[in-house]
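Written below as structure tokens is the structure these notes are about.
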Amino acid sequence: MESFLQIDGLSKSFGDRVIFDGLSLNINQGEKVGLIARNGQGKSTLLDVIAGKADYRSGTITFRRDIRTAYLVQTPVFPKGANVLTACCPESDEDKLLRARQLLTKLGVPDFDKPIDQLSGGQAKRVALAQALMQEPDFLILDEPTNHLDVEVTEWLEDYLTASRLTLFMVTHDRYLLDRVCNRIIEIDDFRAYSYQGNYSYYLEKRQERLDAESSQRESDLNLYRRELDWMRRMPCARGGKARYRKESFHQLEERLQHRRDEQSVALDVKASYIGKKIFDIEHLSKAFDDKIILKDFSYIFTRYEKLGIIGENGVGKSTFLKLLLGIEQPDSGVIERGTTLKIGYYSQEGLKFPEDAKVIDVVTAIADHIVLDDGRRMSAGQFLQKFLFTPKTQYSYVSKLSGGERRRLYLCTILMQSPNFLILDEPTNDLDIMTLQVLEEYIAQFKGCVIVVSHDRYFMDKIAEHLLVFEGDGKVTNFPSSYSDYMEYKVLKEDEEKAAAAAAKAKPLPDGGQSQRQRQSSPGAKLTFKEKREMEQIEQELQQLEEEKALLEQELNSGTLPYDQLQQKSARIGQIIERTDTITMRWLELSEK
């Protein structure tokens, strides 16, 4: 297999801060490689260096001669005055412009003449993605390609990358994308690159094996260190060469142990503030901006300890709904009654600005010196920061030296340090690394309070949300009482049902004397046996009954008043109805073709 990219001994630093040192890795033709590292360990910097957008201190970067490369940066910048189409494709070649229009439409940016400076961050990212794909590269570099993309576009990108023969090097927090697209994972940890020949699931398994082996080696090193330390204390100053060799070995062992790994040694069973029975009671809520309807006569009663996910395409009003709960936005009509015991922690997309000259530890201790765990023990601010992957050295660094991802992680810590009992997280996965997401998932799993999450991250939603509010646009909100993956399966079944119904309707010719195709085929002279005619009539009756039952169940599910067990039962029944409808519709079509 031919090498497309070879990196040897690469080193990069900003002032006295080392980003990577002596880094070496190789990417071969046809490999789809995912890069994983904690925030602040230089993922985006490495991509910039590889793409020639940033310099480096030492080492070599060698691409195979004559290959085309394209690079999607995390925050794209376009020429002033460009519109969507010219930003995507500056050339006037009509064939290329045709392809640009197709890609932009697929990515959900169909307004080709819109000025690029009027786009949202998410729309600009889609245009930049289309621009990168337009170059038809042999080697594609992607930095967080799914940030601000909705689920449908993310799944389209997933299918595109899977089917493509291009070579890929990608940084992303989207673990389903890593699992389904990548055939190799590279993890950078403590300035070293570890390579795993497999997808994300394989990486998790083999990484744990590596950590277990390191832990075992550490125990052996600690036992040796205790013996050697005792020898060092008893050793006379004047000794020969053998003793000097043993002293040097001791210092090497001591240095190795200083690079110890702190792998989730303390459970994050943080004590939340007391939360009463009344959370939010929403009655007949409506909200619109001009002719854009966000909510229409929406009612819902939150219950204690529920973990709710909110999904929907960009622009349907998910963030607006959160702002209505928080009182940042006001409804056009309806009532939101808020419980008196609520202590809300709100993680917004906009984030929080910190003083650049403040130290990380001071930002957190200004909120609290410690956090109380569920069993009454106390965790210091420093220990809590370390739990969220801030090393003691980084804790005493200035905010000005933090990467964008590290700032988002610090923002998260400032929210959780306040011991809220109701967490509202608006797109928390953007700009957070996978390791931080795993810590956050562990925190929420043990959190004794309510959680609302808005996210396009499919893996994160599956881990966190126990049921969903689906914003479908035009004010319609559906309450789905199960996980994100279950909803996607239900959505596919529903789409199949609609296709079958459309096919059945298409099979009917224009009305003739008030008789439908079904009625004429049931009439004398049709090529159906008496038994088959009777079967068609029974199918038609059953389809009508199933449709009525399904409509009633959906109305009950959307009411927001059912207890959780009934939500599960009625959701399961809808799945059965859809499956039965598909089966008998196909049978009706078979009979109708006779």
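Naming works like this for the structure tokens: A, B, ... for the chains as they're shown, residue 1 at the start of each chain, ligands 1 onward in shown order.
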I'd like the contact shell of stretch 103-106 of chain A - 12 Å cut-off, only C-alpha atoms, skipping same-chain residues fewer than 3 positions apart - returned as a PyMOL selection string. chain A and resi 84-89+96-100+109-113+123-135+152-157+160
Exercise: stretch 60-73 of chain A partners within 6 Å, only C-alpha atoms, chain neighbours under 6 positions left out, as a VMD selection string: chain A and resid 4 to 8 132 137 to 143
Can you write out the residues you just picked, keeping N, CA and C atoms, as a compact mmCIF listing (two decimals), in the first residue's frame?
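Saved result, again36.txt, follows:
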# COMPACT_ATOMS: atom_id res chain seq x y z
N PHE A 4 0.71 7.99 1.38
CA PHE A 4 0.26 9.30 0.92
C PHE A 4 0.87 10.42 1.76
N LEU A 5 1.08 10.15 3.05
CA LEU A 5 1.62 11.17 3.96
C LEU A 5 2.55 10.52 4.96
N GLN A 6 3.77 11.08 5.08
CA GLN A 6 4.75 10.59 6.05
C GLN A 6 5.22 11.77 6.90
N ILE A 7 5.05 11.65 8.22
CA ILE A 7 5.49 12.68 9.16
C ILE A 7 6.55 12.07 10.06
N ASP A 8 7.71 12.76 10.17
CA ASP A 8 8.81 12.24 11.00
C ASP A 8 9.33 13.34 11.92
N ALA A 132 -14.69 21.99 -0.26
CA ALA A 132 -13.65 20.97 -0.14
C ALA A 132 -13.95 19.76 -1.02
N PRO A 137 -10.55 15.79 -4.05
CA PRO A 137 -9.18 15.52 -3.62
C PRO A 137 -8.87 14.03 -3.54
N ASP A 138 -7.57 13.74 -3.62
CA ASP A 138 -7.11 12.38 -3.32
C ASP A 138 -6.97 12.21 -1.81
N PHE A 139 -6.61 13.31 -1.15
CA PHE A 139 -6.37 13.31 0.30
C PHE A 139 -7.20 14.43 0.91
N LEU A 140 -8.16 14.08 1.76
CA LEU A 140 -9.08 15.06 2.36
C LEU A 140 -8.81 15.19 3.85
N ILE A 141 -8.65 16.42 4.30
CA ILE A 141 -8.42 16.71 5.72
C ILE A 141 -9.65 17.45 6.24
N LEU A 142 -10.27 16.92 7.30
CA LEU A 142 -11.49 17.51 7.86
C LEU A 142 -11.29 17.81 9.34
N ASP A 143 -11.58 19.05 9.73
CA ASP A 143 -11.51 19.45 11.14
C ASP A 143 -12.92 19.69 11.64
What's around A:Asp433 at 10 Å? Count only C-alpha atoms, leave out sequence neighbours fewer than 4 positions away in its own chain, and write the answer as a list in words. Ile36, Ala37, Arg38, Asn39, Gly40, Lys43, Val171, Thr172, His173, Asp174, Gly405, Glu406, Arg408, Arg409, Thr429, Leu437 and Gln438 of chain A
Got time to write the residues from that selection, N, CA and C atoms, as a CSV table (one decimal), in the first residue's frame?
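Produced file part.csv, reproduced below:
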chain,number,residue,atom,x,y,z
A,36,ILE,N,-7.7,11.3,17.4
A,36,ILE,CA,-8.3,11.6,18.7
A,36,ILE,C,-7.2,12.1,19.7
A,37,ALA,N,-7.6,13.1,20.4
A,37,ALA,CA,-6.7,13.6,21.5
A,37,ALA,C,-7.5,14.6,22.3
A,38,ARG,N,-7.0,14.8,23.5
A,38,ARG,CA,-7.7,15.8,24.4
A,38,ARG,C,-7.6,17.2,23.8
A,39,ASN,N,-8.5,18.1,24.2
A,39,ASN,CA,-8.4,19.5,23.8
A,39,ASN,C,-7.1,20.0,24.3
A,40,GLY,N,-6.4,20.8,23.5
A,40,GLY,CA,-5.2,21.4,24.0
A,40,GLY,C,-4.0,20.6,23.6
A,43,LYS,N,-4.7,19.0,18.1
A,43,LYS,CA,-5.3,18.4,16.9
A,43,LYS,C,-5.5,19.3,15.8
A,171,VAL,N,-10.5,15.0,12.2
A,171,VAL,CA,-10.7,15.2,13.6
A,171,VAL,C,-12.2,15.4,13.8
A,172,THR,N,-12.8,14.7,14.7
A,172,THR,CA,-14.3,14.8,14.9
A,172,THR,C,-14.6,14.2,16.3
A,173,HIS,N,-15.6,14.8,17.0
A,173,HIS,CA,-16.1,14.2,18.2
A,173,HIS,C,-17.3,13.3,18.0
A,174,ASP,N,-17.7,13.2,16.7
A,174,ASP,CA,-18.9,12.4,16.3
A,174,ASP,C,-18.4,10.9,16.3
A,405,GLY,N,-11.2,24.5,22.6
A,405,GLY,CA,-11.8,23.4,23.3
A,405,GLY,C,-11.6,23.4,24.8
A,406,GLU,N,-10.4,23.8,25.2
A,406,GLU,CA,-10.2,23.9,26.6
A,406,GLU,C,-11.0,25.0,27.3
A,408,ARG,N,-14.1,25.8,26.3
A,408,ARG,CA,-15.4,25.3,26.4
A,408,ARG,C,-15.5,24.3,27.6
A,409,ARG,N,-14.4,23.5,27.8
A,409,ARG,CA,-14.3,22.6,29.0
A,409,ARG,C,-14.3,23.4,30.3
A,429,THR,N,-21.7,19.3,22.7
A,429,THR,CA,-20.6,18.5,22.1
A,429,THR,C,-19.7,19.3,21.2
A,437,LEU,N,-16.3,14.4,26.6
A,437,LEU,CA,-17.6,14.0,26.4
A,437,LEU,C,-17.9,12.7,27.3
A,438,GLN,N,-16.9,11.8,27.3
A,438,GLN,CA,-17.1,10.6,28.1
A,438,GLN,C,-17.2,11.0,29.6
Can you work out the spacing between atom CA of A:Phe280 and atom CA of A:Pro563 in Å, to one decimal? 15.6 Å
Atom CA of A:Tyr346 to atom CA of A:Asp150, straight-line distance in Å: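 Spanning atom CA of A:Asp150 to atom CA of A:Tyr346 is a straight-line distance of 21.5 Å.
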Selection near stretch 411-420 of chain A, 6 Å with only C-alpha atoms, sequence-local residues under 4 positions removed, as a compact mmCIF listing (two decimals) with C-alpha atoms, in the first residue's frame:
# COMPACT_ATOMS: atom_id res chain seq x y z
CA ALA A 272 -27.11 18.17 43.25
CA SER A 273 -29.22 20.77 45.05
CA LYS A 343 -31.31 25.78 40.38
CA ILE A 344 -30.50 25.85 36.68
CA GLY A 345 -27.11 25.31 35.09
CA VAL A 364 -13.28 27.98 39.26
Could you tell me which of A:Ile539, A:Val181, A:Gly30, A:Pro145 comes closest to A:Thr583 if we count only C-alpha atoms?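 Of A:Ile539, A:Val181, A:Gly30, A:Pro145, the one nearest A:Thr583 is A:Ile539, counting only C-alpha atoms.
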Residues of stretch 41-97 of chain A in alpha helix (DSSP H), written as a PyMOL selection string: chain A and resi 43-50+84-88+94-97
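Near stretch 494-496 of chain A, within 7 Å and counting only C-alpha atoms, sit A:Tyr490, A:Ala500, A:Ile578, not including residues fewer than 4 positions from it in the same chain.
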Write a file of the just-selected residues containing N, CA and C atoms, as a PDB file, in the first residue's frame.
ATOM      1  N   TYR A 490     -37.934   4.270  14.170  1.00  0.00           N
ATOM      2  CA  TYR A 490     -39.356   4.579  13.999  1.00  0.00           C
ATOM      3  C   TYR A 490     -39.571   5.488  12.791  1.00  0.00           C
ATOM      4  N   ALA A 500     -45.395   3.288   1.061  1.00  0.00           N
ATOM      5  CA  ALA A 500     -46.341   2.236   0.696  1.00  0.00           C
ATOM      6  C   ALA A 500     -47.722   2.818   0.438  1.00  0.00           C
ATOM      7  N   ILE A 578     -47.404   0.220  12.742  1.00  0.00           N
ATOM      8  CA  ILE A 578     -46.669   0.532  11.507  1.00  0.00           C
ATOM      9  C   ILE A 578     -46.231  -0.753  10.811  1.00  0.00           C
TER      10      ILE A 578
END
